[in-house]
>>> print(open('start-v1.tsv').read())   # TSV, C-alpha atoms (C1' of nucleotides)
chain	number	residue	atom	x	y	z
A	1	MET	CA	21.03	24.73	-9.37
A	2	ARG	CA	20.92	23.44	-12.90
A	3	ALA	CA	17.89	24.23	-15.01
A	4	ASP	CA	16.84	20.63	-15.59
A	5	ALA	CA	17.18	19.93	-11.90
A	6	ALA	CA	14.81	22.73	-11.05
A	7	ARG	CA	12.40	21.53	-13.70
A	8	ASN	CA	12.44	18.00	-12.38
A	9	ARG	CA	11.97	19.17	-8.84
A	10	GLU	CA	8.81	20.92	-9.90
A	11	LYS	CA	7.56	17.92	-11.81
A	12	VAL	CA	8.07	15.74	-8.74
A	13	LEU	CA	6.30	18.24	-6.51
A	14	ALA	CA	3.37	18.48	-8.90
A	15	ALA	CA	3.01	14.71	-9.11
A	16	ALA	CA	3.33	14.39	-5.34
A	17	ARG	CA	0.71	17.06	-4.76
A	18	GLU	CA	-1.72	15.26	-7.03
A	19	LEU	CA	-1.13	11.73	-5.80
A	20	PHE	CA	-0.86	12.52	-2.10
A	21	ALA	CA	-4.10	14.45	-2.41
A	22	SER	CA	-5.96	11.65	-4.13
A	23	LYS	CA	-4.50	8.59	-2.42
A	24	GLY	CA	-2.92	9.82	0.77
A	25	ILE	CA	0.55	9.24	2.14
A	26	ASP	CA	0.45	5.55	1.20
A	27	VAL	CA	1.10	5.99	-2.54
A	28	PRO	CA	4.32	4.21	-3.43
A	29	LEU	CA	7.11	6.64	-4.09
A	30	ASP	CA	7.82	4.84	-7.33
A	31	GLU	CA	4.35	5.75	-8.51
A	32	ILE	CA	4.99	9.41	-7.82
A	33	ALA	CA	8.26	9.19	-9.71
A	34	ALA	CA	6.62	7.46	-12.66
A	35	HIS	CA	3.80	9.99	-12.70
A	36	ALA	CA	6.37	12.75	-12.75
A	37	GLY	CA	8.23	11.08	-15.60
A	38	VAL	CA	11.47	10.62	-13.63
A	39	GLY	CA	13.24	7.76	-11.89
A	40	PRO	CA	13.02	7.12	-8.16
A	41	GLY	CA	16.63	8.15	-7.78
A	42	THR	CA	15.77	11.61	-9.00
A	43	VAL	CA	13.13	12.02	-6.36
A	44	TYR	CA	15.72	11.19	-3.72
A	45	ARG	CA	18.16	13.68	-5.15
A	46	HIS	CA	15.70	16.45	-4.28
A	47	PHE	CA	14.10	15.07	-1.13
A	48	PRO	CA	16.12	13.01	1.32
A	49	THR	CA	13.16	10.87	2.30
A	50	LYS	CA	9.55	10.21	1.43
A	51	GLN	CA	8.56	11.96	4.64
A	52	ALA	CA	10.37	15.07	3.50
A	53	LEU	CA	8.55	15.07	0.17
A	54	PHE	CA	5.26	14.63	1.93
A	55	GLN	CA	5.96	17.52	4.26
A	56	ALA	CA	7.06	19.68	1.36
A	57	VAL	CA	3.59	19.14	-0.07
A	58	THR	CA	1.55	19.50	3.11
A	59	ASP	CA	3.46	21.70	5.53
A	60	ALA	CA	2.31	25.00	4.05
A	61	ARG	CA	-1.32	23.97	4.14
A	62	VAL	CA	-1.16	22.64	7.68
A	63	SER	CA	0.73	25.72	8.72
A	64	ALA	CA	-2.05	27.89	7.31
A	65	MET	CA	-4.59	25.90	9.29
A	66	VAL	CA	-2.59	26.32	12.47
A	67	GLU	CA	-2.36	30.06	11.95
A	68	SER	CA	-6.05	30.39	11.24
A	69	ALA	CA	-6.71	28.51	14.46
A	70	ALA	CA	-4.27	30.59	16.45
A	71	ALA	CA	-5.63	33.90	15.18
A	72	PRO	CA	-8.35	35.20	17.46
A	73	ALA	CA	-11.63	35.36	15.52
A	74	GLY	CA	-14.77	37.04	16.75
A	75	ASP	CA	-17.19	34.76	18.54
A	76	PRO	CA	-15.31	31.93	20.30
A	77	GLY	CA	-17.90	29.29	19.49
A	78	ALA	CA	-18.18	30.33	15.87
A	79	ALA	CA	-14.38	30.38	15.61
A	80	LEU	CA	-14.08	26.76	16.68
A	81	PHE	CA	-16.88	25.58	14.44
A	82	ALA	CA	-15.57	27.56	11.51
A	83	PHE	CA	-12.19	25.96	11.97
A	84	LEU	CA	-13.68	22.49	12.01
A	85	GLY	CA	-15.55	23.40	8.87
A	86	ARG	CA	-12.39	24.54	7.14
A	87	MET	CA	-10.72	21.32	8.20
A	88	ALA	CA	-13.59	19.26	6.84
A	89	ASP	CA	-13.62	21.11	3.53
A	90	GLU	CA	-9.91	20.68	3.02
A	91	ALA	CA	-9.93	17.04	4.05
A	92	ALA	CA	-12.89	16.26	1.81
A	93	ALA	CA	-10.90	17.50	-1.17
A	94	LYS	CA	-7.42	16.30	-0.26
A	95	ARG	CA	-6.80	13.01	1.42
A	96	ASP	CA	-3.31	13.94	2.59
A	97	LEU	CA	-4.49	16.40	5.23
A	98	SER	CA	-5.58	13.61	7.56
A	99	ASP	CA	-2.23	11.92	7.18
A	100	ALA	CA	-0.39	15.17	7.77
A	101	ILE	CA	-2.06	15.73	11.14
A	102	THR	CA	-1.62	12.10	12.14
A	103	VAL	CA	2.06	11.55	11.41
A	104	PRO	CA	4.14	12.82	14.34
A	105	SER	CA	5.63	16.25	13.65
A	106	GLU	CA	6.14	19.56	15.34
A	107	LEU	CA	3.42	21.06	13.16
A	108	ARG	CA	0.93	18.47	14.28
A	109	ASP	CA	1.65	19.30	17.90
A	110	ARG	CA	1.14	22.97	17.20
A	111	LEU	CA	-2.17	22.21	15.55
A	112	HIS	CA	-3.30	20.28	18.59
A	113	ALA	CA	-2.25	23.12	20.84
A	114	ALA	CA	-4.12	25.64	18.72
A	115	LEU	CA	-7.20	23.42	18.82
A	116	GLY	CA	-6.89	23.34	22.58
A	117	GLY	CA	-6.88	27.12	22.63
A	118	LEU	CA	-9.97	27.35	20.44
A	119	LEU	CA	-11.74	24.83	22.64
A	120	GLU	CA	-10.87	26.63	25.83
A	121	ARG	CA	-12.23	29.92	24.59
A	122	ALA	CA	-15.38	28.31	23.22
A	123	GLN	CA	-16.00	26.62	26.54
A	124	ALA	CA	-15.36	29.78	28.48
A	125	ALA	CA	-18.02	31.45	26.35
A	126	GLY	CA	-20.41	28.59	27.05
A	127	ALA	CA	-20.62	27.61	23.39
A	128	VAL	CA	-19.27	24.10	23.95
A	129	ARG	CA	-20.04	21.66	26.72
A	130	ALA	CA	-17.48	21.86	29.49
A	131	ASP	CA	-16.64	18.17	29.76
A	132	VAL	CA	-14.86	18.01	26.42
A	133	THR	CA	-11.08	17.81	26.68
A	134	THR	CA	-8.53	18.75	24.05
A	135	LYS	CA	-7.75	15.08	23.61
A	136	ASP	CA	-11.42	14.41	22.98
A	137	LEU	CA	-11.62	17.20	20.45
A	138	VAL	CA	-8.55	16.02	18.58
A	139	ALA	CA	-9.88	12.48	18.50
A	140	LEU	CA	-13.28	13.73	17.39
A	141	MET	CA	-11.69	15.70	14.58
A	142	LYS	CA	-9.74	12.71	13.36
A	143	GLY	CA	-12.89	10.63	13.44
A	144	MET	CA	-14.64	13.32	11.46
A	145	LEU	CA	-11.95	13.20	8.79
A	146	GLN	CA	-12.22	9.42	8.71
A	147	SER	CA	-15.97	9.71	8.20
A	148	LEU	CA	-15.37	12.08	5.31
A	149	HIS	CA	-13.14	9.57	3.58
A	150	GLU	CA	-15.82	6.97	4.07
A	151	GLY	CA	-18.14	9.12	2.02
A	152	ALA	CA	-20.19	11.00	4.59
A	153	ASN	CA	-21.87	14.20	3.52
A	154	PRO	CA	-19.45	16.93	4.71
A	155	ALA	CA	-22.08	19.55	5.50
A	156	LEU	CA	-24.24	17.09	7.39
A	157	LEU	CA	-21.29	15.70	9.28
A	158	LEU	CA	-20.21	19.15	10.33
A	159	GLU	CA	-23.70	19.94	11.58
A	160	ILE	CA	-23.78	16.75	13.60
A	161	VAL	CA	-20.42	17.42	15.18
A	162	THR	CA	-21.09	21.05	15.99
A	163	SER	CA	-24.54	20.42	17.37
A	164	GLY	CA	-23.18	17.51	19.38
A	165	LEU	CA	-20.44	19.65	20.86
A	166	GLN	CA	-22.88	22.20	22.20
A	167	SER	CA	-24.03	22.09	25.80
A	168	SER	CA	-25.79	18.92	26.78
A	169	ARG	CA	-29.53	18.78	27.10
A	170	LYS	CA	-29.84	16.03	29.63
A	171	PRO	CA	-31.92	16.52	32.83
B	1	MET	CA	-8.00	-34.72	15.16
B	2	ARG	CA	-4.94	-35.42	17.26
B	3	ALA	CA	-4.83	-34.04	20.77
B	4	ASP	CA	-1.75	-31.86	20.27
B	5	ALA	CA	-3.28	-30.43	17.12
B	6	ALA	CA	-6.40	-29.39	18.99
B	7	ARG	CA	-4.27	-27.92	21.75
B	8	ASN	CA	-2.22	-25.90	19.32
B	9	ARG	CA	-5.30	-24.71	17.51
B	10	GLU	CA	-6.59	-23.30	20.78
B	11	LYS	CA	-3.26	-21.69	21.60
B	12	VAL	CA	-3.26	-19.99	18.20
B	13	LEU	CA	-6.83	-18.78	18.64
B	14	ALA	CA	-6.07	-17.45	22.10
B	15	ALA	CA	-3.01	-15.58	20.89
B	16	ALA	CA	-4.91	-14.25	17.89
B	17	ARG	CA	-7.76	-13.06	20.07
B	18	GLU	CA	-5.39	-11.20	22.32
B	19	LEU	CA	-3.21	-9.64	19.64
B	20	PHE	CA	-5.96	-8.78	17.18
B	21	ALA	CA	-7.82	-7.14	20.04
B	22	SER	CA	-4.88	-5.05	21.15
B	23	LYS	CA	-3.21	-4.21	17.84
B	24	GLY	CA	-5.81	-4.81	15.18
B	25	ILE	CA	-5.63	-6.82	12.00
B	26	ASP	CA	-2.17	-5.48	11.18
B	27	VAL	CA	-0.23	-7.65	13.64
B	28	PRO	CA	2.19	-9.83	11.71
B	29	LEU	CA	1.09	-13.42	11.63
B	30	ASP	CA	4.54	-14.44	12.80
B	31	GLU	CA	3.96	-12.46	15.97
B	32	ILE	CA	0.75	-14.34	16.64
B	33	ALA	CA	2.56	-17.61	16.06
B	34	ALA	CA	5.41	-16.64	18.37
B	35	HIS	CA	2.99	-15.48	21.05
B	36	ALA	CA	1.21	-18.82	20.78
B	37	GLY	CA	4.52	-20.65	21.06
B	38	VAL	CA	4.22	-22.34	17.67
B	39	GLY	CA	5.74	-21.84	14.24
B	40	PRO	CA	4.02	-19.94	11.42
B	41	GLY	CA	3.55	-23.20	9.55
B	42	THR	CA	1.39	-24.51	12.36
B	43	VAL	CA	-0.89	-21.52	12.10
B	44	TYR	CA	-1.37	-22.24	8.42
B	45	ARG	CA	-2.14	-25.87	9.11
B	46	HIS	CA	-5.22	-24.77	11.05
B	47	PHE	CA	-6.22	-21.66	9.14
B	48	PRO	CA	-5.72	-21.44	5.39
B	49	THR	CA	-5.07	-17.72	5.43
B	50	LYS	CA	-4.60	-14.83	7.81
B	51	GLN	CA	-8.02	-13.57	6.82
B	52	ALA	CA	-9.54	-16.86	7.89
B	53	LEU	CA	-7.88	-16.66	11.29
B	54	PHE	CA	-9.08	-13.11	11.72
B	55	GLN	CA	-12.62	-14.06	10.86
B	56	ALA	CA	-12.47	-17.03	13.20
B	57	VAL	CA	-11.74	-14.53	15.94
B	58	THR	CA	-14.21	-11.81	15.00
B	59	ASP	CA	-17.10	-13.39	13.12
B	60	ALA	CA	-19.03	-14.52	16.15
B	61	ARG	CA	-18.81	-11.10	17.75
B	62	VAL	CA	-19.80	-9.25	14.60
B	63	SER	CA	-22.59	-11.71	14.04
B	64	ALA	CA	-23.93	-11.01	17.51
B	65	MET	CA	-23.87	-7.30	16.74
B	66	VAL	CA	-25.76	-7.85	13.52
B	67	GLU	CA	-28.41	-9.89	15.27
B	68	SER	CA	-28.82	-7.38	18.04
B	69	ALA	CA	-29.30	-4.73	15.34
B	70	ALA	CA	-31.75	-6.82	13.38
B	71	ALA	CA	-33.85	-7.70	16.41
B	72	PRO	CA	-36.66	-5.17	16.88
B	73	ALA	CA	-36.15	-3.41	20.19
B	74	GLY	CA	-38.70	-1.15	21.82
B	75	ASP	CA	-38.30	2.53	21.03
B	76	PRO	CA	-36.78	2.98	17.54
B	77	GLY	CA	-34.60	5.92	18.53
B	78	ALA	CA	-33.36	4.22	21.68
B	79	ALA	CA	-32.66	1.05	19.69
B	80	LEU	CA	-30.36	2.86	17.29
B	81	PHE	CA	-28.54	4.73	20.02
B	82	ALA	CA	-28.21	1.63	22.15
B	83	PHE	CA	-26.68	-0.18	19.22
B	84	LEU	CA	-24.18	2.58	18.63
B	85	GLY	CA	-23.37	2.43	22.32
B	86	ARG	CA	-22.75	-1.29	22.18
B	87	MET	CA	-20.55	-0.78	19.17
B	88	ALA	CA	-18.56	1.92	20.95
B	89	ASP	CA	-18.08	-0.18	24.07
B	90	GLU	CA	-16.88	-3.17	22.12
B	91	ALA	CA	-14.57	-1.12	19.90
B	92	ALA	CA	-13.12	0.74	22.86
B	93	ALA	CA	-12.01	-2.57	24.33
B	94	LYS	CA	-11.07	-4.48	21.17
B	95	ARG	CA	-9.34	-2.86	18.27
B	96	ASP	CA	-10.23	-5.61	15.82
B	97	LEU	CA	-13.92	-4.74	15.64
B	98	SER	CA	-13.25	-1.71	13.47
B	99	ASP	CA	-11.15	-3.81	11.12
B	100	ALA	CA	-13.81	-6.50	11.00
B	101	ILE	CA	-16.47	-4.10	9.79
B	102	THR	CA	-14.10	-2.43	7.33
B	103	VAL	CA	-12.67	-5.43	5.52
B	104	PRO	CA	-15.08	-6.53	2.78
B	105	SER	CA	-17.17	-9.51	3.83
B	106	GLU	CA	-20.72	-10.73	3.72
B	107	LEU	CA	-21.07	-10.06	7.44
B	108	ARG	CA	-20.01	-6.47	6.97
B	109	ASP	CA	-22.70	-5.98	4.35
B	110	ARG	CA	-25.30	-7.47	6.65
B	111	LEU	CA	-24.22	-5.13	9.41
B	112	HIS	CA	-24.62	-2.16	7.11
B	113	ALA	CA	-28.05	-3.37	6.06
B	114	ALA	CA	-29.11	-3.81	9.67
B	115	LEU	CA	-27.86	-0.33	10.46
B	116	GLY	CA	-29.96	0.96	7.58
B	117	GLY	CA	-33.00	-0.70	9.09
B	118	LEU	CA	-32.36	0.80	12.50
B	119	LEU	CA	-31.90	4.21	10.94
B	120	GLU	CA	-35.08	3.99	8.92
B	121	ARG	CA	-37.20	3.12	11.92
B	122	ALA	CA	-35.59	5.80	14.04
B	123	GLN	CA	-36.26	8.37	11.36
B	124	ALA	CA	-39.85	7.22	10.90
B	125	ALA	CA	-40.33	7.78	14.62
B	126	GLY	CA	-38.83	11.24	14.34
B	127	ALA	CA	-35.95	10.38	16.65
B	128	VAL	CA	-33.26	11.07	14.07
B	129	ARG	CA	-33.04	13.90	11.56
B	130	ALA	CA	-34.41	12.87	8.20
B	131	ASP	CA	-31.49	13.96	6.03
B	132	VAL	CA	-29.13	11.26	7.30
B	133	THR	CA	-28.57	8.42	4.85
B	134	THR	CA	-27.40	4.92	5.61
B	135	LYS	CA	-24.10	5.76	3.99
B	136	ASP	CA	-23.75	8.75	6.29
B	137	LEU	CA	-24.54	6.65	9.31
B	138	VAL	CA	-22.03	3.97	8.39
B	139	ALA	CA	-19.36	6.58	7.77
B	140	LEU	CA	-20.24	8.31	11.02
B	141	MET	CA	-19.93	5.05	12.90
B	142	LYS	CA	-16.52	4.32	11.42
B	143	GLY	CA	-15.40	7.81	12.34
B	144	MET	CA	-16.67	7.21	15.85
B	145	LEU	CA	-14.60	4.04	16.14
B	146	GLN	CA	-11.58	5.92	14.85
B	147	SER	CA	-12.10	8.59	17.49
B	148	LEU	CA	-12.22	5.90	20.13
B	149	HIS	CA	-8.88	4.53	19.05
B	150	GLU	CA	-7.48	8.03	19.24
B	151	GLY	CA	-8.38	8.07	22.88
B	152	ALA	CA	-11.69	9.91	23.02
B	153	ASN	CA	-13.89	9.38	26.05
B	154	PRO	CA	-16.39	6.71	24.91
B	155	ALA	CA	-19.35	7.96	26.90
B	156	LEU	CA	-18.81	11.55	25.84
B	157	LEU	CA	-18.33	10.58	22.24
B	158	LEU	CA	-21.53	8.61	22.24
B	159	GLU	CA	-23.44	11.54	23.70
B	160	ILE	CA	-22.06	13.84	21.06
B	161	VAL	CA	-23.00	11.51	18.24
B	162	THR	CA	-26.47	10.73	19.50
B	163	SER	CA	-27.31	14.34	20.27
B	164	GLY	CA	-25.93	15.35	16.90
B	165	LEU	CA	-28.07	12.79	15.12
B	166	GLN	CA	-31.27	14.16	16.60
B	167	SER	CA	-33.46	16.57	14.68
B	168	SER	CA	-31.77	19.79	13.72
B	169	ARG	CA	-32.44	22.95	15.63
B	170	LYS	CA	-31.74	25.54	12.96
B	171	PRO	CA	-34.43	28.09	11.96
C	1	DG	C1'	33.47	22.80	-29.07
C	2	DA	C1'	35.40	20.23	-25.33
C	3	DC	C1'	35.55	19.26	-20.52
C	4	DG	C1'	34.23	18.80	-15.67
C	5	DA	C1'	30.68	18.94	-12.60
C	6	DT	C1'	26.06	17.88	-11.91
C	7	DA	C1'	21.99	15.28	-12.42
C	8	DC	C1'	19.51	11.33	-14.29
C	9	DG	C1'	17.49	6.61	-14.57
C	10	DG	C1'	16.84	2.34	-13.12
C	11	DA	C1'	18.82	-1.73	-11.34
C	12	DA	C1'	19.78	-3.48	-6.91
C	13	DC	C1'	19.58	-3.88	-1.73
C	14	DG	C1'	17.37	-4.54	2.78
C	15	DC	C1'	13.43	-5.27	5.17
C	16	DA	C1'	8.83	-6.85	6.45
C	17	DC	C1'	5.24	-9.70	5.61
C	18	DG	C1'	2.03	-13.43	3.82
C	19	DC	C1'	2.48	-17.96	2.57
C	20	DC	C1'	4.61	-22.73	1.41
C	21	DC	C1'	7.63	-26.81	1.90
C	22	DC	C1'	10.26	-30.38	3.93
C	23	DG	C1'	13.03	-33.03	7.28
C	24	DG	C1'	12.23	-34.39	11.77
C	25	DT	C1'	9.14	-35.54	15.59
C	26	DT	C1'	5.21	-37.11	18.07
C	27	DG	C1'	0.71	-39.18	19.08
C	28	DG	C1'	-2.27	-43.06	19.27
C	29	DC	C1'	-3.69	-47.49	17.41
C	30	DA	C1'	-2.53	-52.45	16.84
D	1	DT	C1'	6.11	-51.53	22.10
D	2	DG	C1'	6.53	-50.57	17.36
D	3	DC	C1'	4.85	-48.33	13.38
D	4	DC	C1'	2.76	-44.99	10.41
D	5	DA	C1'	0.16	-41.25	9.65
D	6	DA	C1'	-0.51	-36.76	11.30
D	7	DC	C1'	1.65	-32.81	12.85
D	8	DC	C1'	5.35	-29.55	14.03
D	9	DG	C1'	9.05	-25.90	13.39
D	10	DG	C1'	11.38	-22.83	10.94
D	11	DG	C1'	13.82	-21.81	6.91
D	12	DG	C1'	12.71	-20.11	2.40
D	13	DC	C1'	10.14	-17.92	-1.55
D	14	DG	C1'	7.69	-14.09	-3.75
D	15	DT	C1'	6.13	-9.43	-3.42
D	16	DG	C1'	5.98	-4.57	-2.42
D	17	DC	C1'	8.18	-0.69	-0.76
D	18	DG	C1'	11.71	2.72	0.86
D	19	DT	C1'	16.23	3.75	-0.14
D	20	DT	C1'	20.96	3.62	-2.30
D	21	DC	C1'	24.46	3.16	-5.92
D	22	DC	C1'	26.66	3.78	-10.18
D	23	DG	C1'	27.31	4.01	-15.16
D	24	DT	C1'	25.62	7.27	-18.42
D	25	DA	C1'	23.73	11.51	-20.24
D	26	DT	C1'	23.27	16.41	-19.92
D	27	DC	C1'	24.17	21.19	-18.60
D	28	DG	C1'	26.92	25.20	-18.49
D	29	DT	C1'	31.33	27.18	-18.61
D	30	DC	C1'	36.04	28.26	-20.77
>>> encode(input="start-v1.tsv", output="structure tokens")
Amino acid sequence: MRADAARNREKVLAAARELFASKGIDVPLDEIAAHAGVGPGTVYRHFPTKQALFQAVTDARVSAMVESAAAPAGDPGAALFAFLGRMADEAAAKRDLSDAITVPSELRDRLHAALGGLLERAQAAGAVRADVTTKDLVALMKGMLQSLHEGANPALLLEIVTSGLQSSRKP
Amino acid sequence: MRADAARNREKVLAAARELFASKGIDVPLDEIAAHAGVGPGTVYRHFPTKQALFQAVTDARVSAMVESAAAPAGDPGAALFAFLGRMADEAAAKRDLSDAITVPSELRDRLHAALGGLLERAQAAGAVRADVTTKDLVALMKGMLQSLHEGANPALLLEIVTSGLQSSRKP
DNA sequence: GACGATACGGAACGCACGCCCCGGTTGGCA
DNA sequence: TGCCAACCGGGGCGTGCGTTCCGTATCGTC
């Protein structure tokens, strides 16, 4: 690969990282190109599609999340809640995480599966109420990320979600 | 107003109600027109803008929600939770509610204000933890609606949110 | 230092959508 | 029943965005 090509590829990636993080997947590709100081055509020389560019920016981070969810931590309940906390922290800082786990992809499916595993163990340990399904948990997580983007206090939100997930207190 | 005009106006409103409810504010206006069996021009003869049509469909419902939030119910805590429950029920059935309270409008602001009032009273009665702000509550509600659209169990979700909102249990 | 391959920039295309306009039609009053 | 105003349908315009194409500039080799 030519030197200028490599340089431009990096400039595009840097711009994409910044803009996807601040505005999410909806930033026009032209804006990314302009911010990188290149033409749109150049972006497409390095990434076949906008999707591909987006995944180049987010895949590693999502992958890390999946692995941290798949790795067996100590206490099952704490593991689930810690994971949700990590998710919340990351999503509070970078808007693209929510998009990355919403857009259909193999990675997204793996994340959901890993979440299911965490949930199952937490429920088996009695740390989470038994009537929560994986689908519920995934939906709850997406709602949590949405709340974050609406300006909710991340720490407070996490407390609400974790305390709400714990065994019910109804008679 | 001519009879056929009134008839078409109703057909448009009916189609809009159905499609906004099932697909949200993002349905193309042409689709609404086609579903009503009229041309797009006819829609614009009765409603100056897509926004106006949307509000014609949702305003009454949102207004009812605002009033039910502004009316002083019995127990402050129960009033807040009942309102969130009503919100969840409505949003689970009709997708447009979330859009209606997200798009900037005077009604949206009144809803937020009413929510603030409910929160304040619930906190004064000790039914909700004191460190929740109105902004947090609004964000939490939007997240809840998002979770609903992702397929979460409405009843379960409501339990999680209400139990999470109650006073913290940490040492 | 010249030449071929490679990469660049940006104009242009296709598409979807909100919105407008106009020729034709239809309703209801005289 | 005839006439005119009101109304209809749908084609068309402007915009924004993802994507492609091509003439031109640049890199790296001989």
>>> atom_distance(input="start-v1.tsv", atom1="CA of Phe54 in chain B", atom2="CA of Met141 in chain B")
21.2 Å
>>> atom_distance(input="start-v1.tsv", atom1="CA of Val62 in chain B", atom2="CA of Asp26 in chain A")
28.4 Å
>>> atom_distance(input="start-v1.tsv", atom1="CA of Ile160 in chain A", atom2="CA of Thr58 in chain A")
27.6 Å
>>> residues_around(input="start-v1.tsv", residues="DC19 in chain C", least_positions_apart="6", cutoff="10 Å", atoms="all atoms listed in the file", output="MDAnalysis selection string")
(chainID B and resid 40:41 44 48:50) or (chainID D and resid 13:14)
>>> interface_residues(input="start-v1.tsv", of="chain D", to="chain B", cutoff="10 Å", atoms="all atoms listed in the file", output="list in words")
DA6, DC7, DC8, DG9 and DG10 of chain D
>>> residues_near_point(input="start-v1.tsv", point="(-18.1, 5.3, 12.6)", cutoff="12 Å", atoms="only C-alpha atoms (C1' of nucleotides)", output="ChimeraX atom specification")
/A:140,142-152,157 /B:84-85,87-88,91,97-99,101-102,112,115,134-149,157-158,161
>>> write_last_selection(input="start-v1.tsv", atoms="C-alpha atoms", output="tab-separated table (two decimals), keeping the file's coordinate frame")
chain	number	residue	atom	x	y	z
A	140	LEU	CA	-13.28	13.73	17.39
A	142	LYS	CA	-9.74	12.71	13.36
A	143	GLY	CA	-12.89	10.63	13.44
A	144	MET	CA	-14.64	13.32	11.46
A	145	LEU	CA	-11.95	13.20	8.79
A	146	GLN	CA	-12.22	9.42	8.71
A	147	SER	CA	-15.97	9.71	8.20
A	148	LEU	CA	-15.37	12.08	5.31
A	149	HIS	CA	-13.14	9.57	3.58
A	150	GLU	CA	-15.82	6.97	4.07
A	151	GLY	CA	-18.14	9.12	2.02
A	152	ALA	CA	-20.19	11.00	4.59
A	157	LEU	CA	-21.29	15.70	9.28
B	84	LEU	CA	-24.18	2.58	18.63
B	85	GLY	CA	-23.37	2.43	22.32
B	87	MET	CA	-20.55	-0.78	19.17
B	88	ALA	CA	-18.56	1.92	20.95
B	91	ALA	CA	-14.57	-1.12	19.90
B	97	LEU	CA	-13.92	-4.74	15.64
B	98	SER	CA	-13.25	-1.71	13.47
B	99	ASP	CA	-11.15	-3.81	11.12
B	101	ILE	CA	-16.47	-4.10	9.79
B	102	THR	CA	-14.10	-2.43	7.33
B	112	HIS	CA	-24.62	-2.16	7.11
B	115	LEU	CA	-27.86	-0.33	10.46
B	134	THR	CA	-27.40	4.92	5.61
B	135	LYS	CA	-24.10	5.76	3.99
B	136	ASP	CA	-23.75	8.75	6.29
B	137	LEU	CA	-24.54	6.65	9.31
B	138	VAL	CA	-22.03	3.97	8.39
B	139	ALA	CA	-19.36	6.58	7.77
B	140	LEU	CA	-20.24	8.31	11.02
B	141	MET	CA	-19.93	5.05	12.90
B	142	LYS	CA	-16.52	4.32	11.42
B	143	GLY	CA	-15.40	7.81	12.34
B	144	MET	CA	-16.67	7.21	15.85
B	145	LEU	CA	-14.60	4.04	16.14
B	146	GLN	CA	-11.58	5.92	14.85
B	147	SER	CA	-12.10	8.59	17.49
B	148	LEU	CA	-12.22	5.90	20.13
B	149	HIS	CA	-8.88	4.53	19.05
B	157	LEU	CA	-18.33	10.58	22.24
B	158	LEU	CA	-21.53	8.61	22.24
B	161	VAL	CA	-23.00	11.51	18.24
>>> interface_residues(input="start-v1.tsv", of="chain C", to="chain B", cutoff="8 Å", atoms="only C-alpha atoms (C1' of nucleotides)", output="PyMOL selection string")
chain C and resi 17-18+27
>>> closest_residue(input="start-v1.tsv", among="B:Ser167, B:Ala124, B:Asn153, B:Ala52", to="chain A", atoms="all atoms listed in the file")
B:Asn153
>>> residues_around(input="start-v1.tsv", residues="Gly117 in chain B", least_positions_apart="2", cutoff="10 Å", atoms="only C-alpha atoms (C1' of nucleotides)", output="PyMOL selection string")
chain B and resi 69-70+72+76+80+111-115+119-123+134
>>> axis_aligned_box(input="start-v1.tsv", around="range 60-71 of chain B", padding_each_side="5 Å", output="JSON")
{"center_x": -26.3, "center_y": -9.6, "center_z": 15.7, "size_x": 25.0, "size_y": 19.8, "size_z": 14.7}
>>> residues_around(input="start-v1.tsv", residues="Asp96 in chain B", least_positions_apart="6", cutoff="7 Å", atoms="all atoms listed in the file", output="JSON, numbers by chain")
{"B": [20, 21, 24, 25]}
>>> residues_around(input="start-v1.tsv", residues="DC22 in chain C", least_positions_apart="2", cutoff="10 Å", atoms="all atoms listed in the file", output="ChimeraX atom specification")
/C:20,24 /D:11
>>> write_last_selection(input="start-v1.tsv", atoms="C-alpha atoms (C1' of nucleotides)", output="CSV table (one decimal), in the frame of the given file")
chain,number,residue,atom,x,y,z
C,20,DC,C1',4.6,-22.7,1.4
C,24,DG,C1',12.2,-34.4,11.8
D,11,DG,C1',13.8,-21.8,6.9
>>> closest_residue(input="start-v1.tsv", among="A:Phe47, A:Ala155, A:Arg110, A:Ile32", to="DT19 in chain D", atoms="all atoms listed in the file")
A:Phe47
>>> residues_around(input="start-v1.tsv", residues="DC22 in chain D", least_positions_apart="5", cutoff="12 Å", atoms="only C-alpha atoms (C1' of nucleotides)", output="short mmCIF file (atom, residue, chain, number, x, y, z; two decimals) with C-alpha atoms (C1' of nucleotides), in the coordinates of the input")
data_model
loop_
_atom_site.label_atom_id
_atom_site.label_comp_id
_atom_site.auth_asym_id
_atom_site.auth_seq_id
_atom_site.Cartn_x
_atom_site.Cartn_y
_atom_site.Cartn_z
CA GLY A 41 16.63 8.15 -7.78
"C1'" DC C 8 19.51 11.33 -14.29
"C1'" DG C 9 17.49 6.61 -14.57
"C1'" DG C 10 16.84 2.34 -13.12
"C1'" DA C 11 18.82 -1.73 -11.34
"C1'" DA C 12 19.78 -3.48 -6.91
#
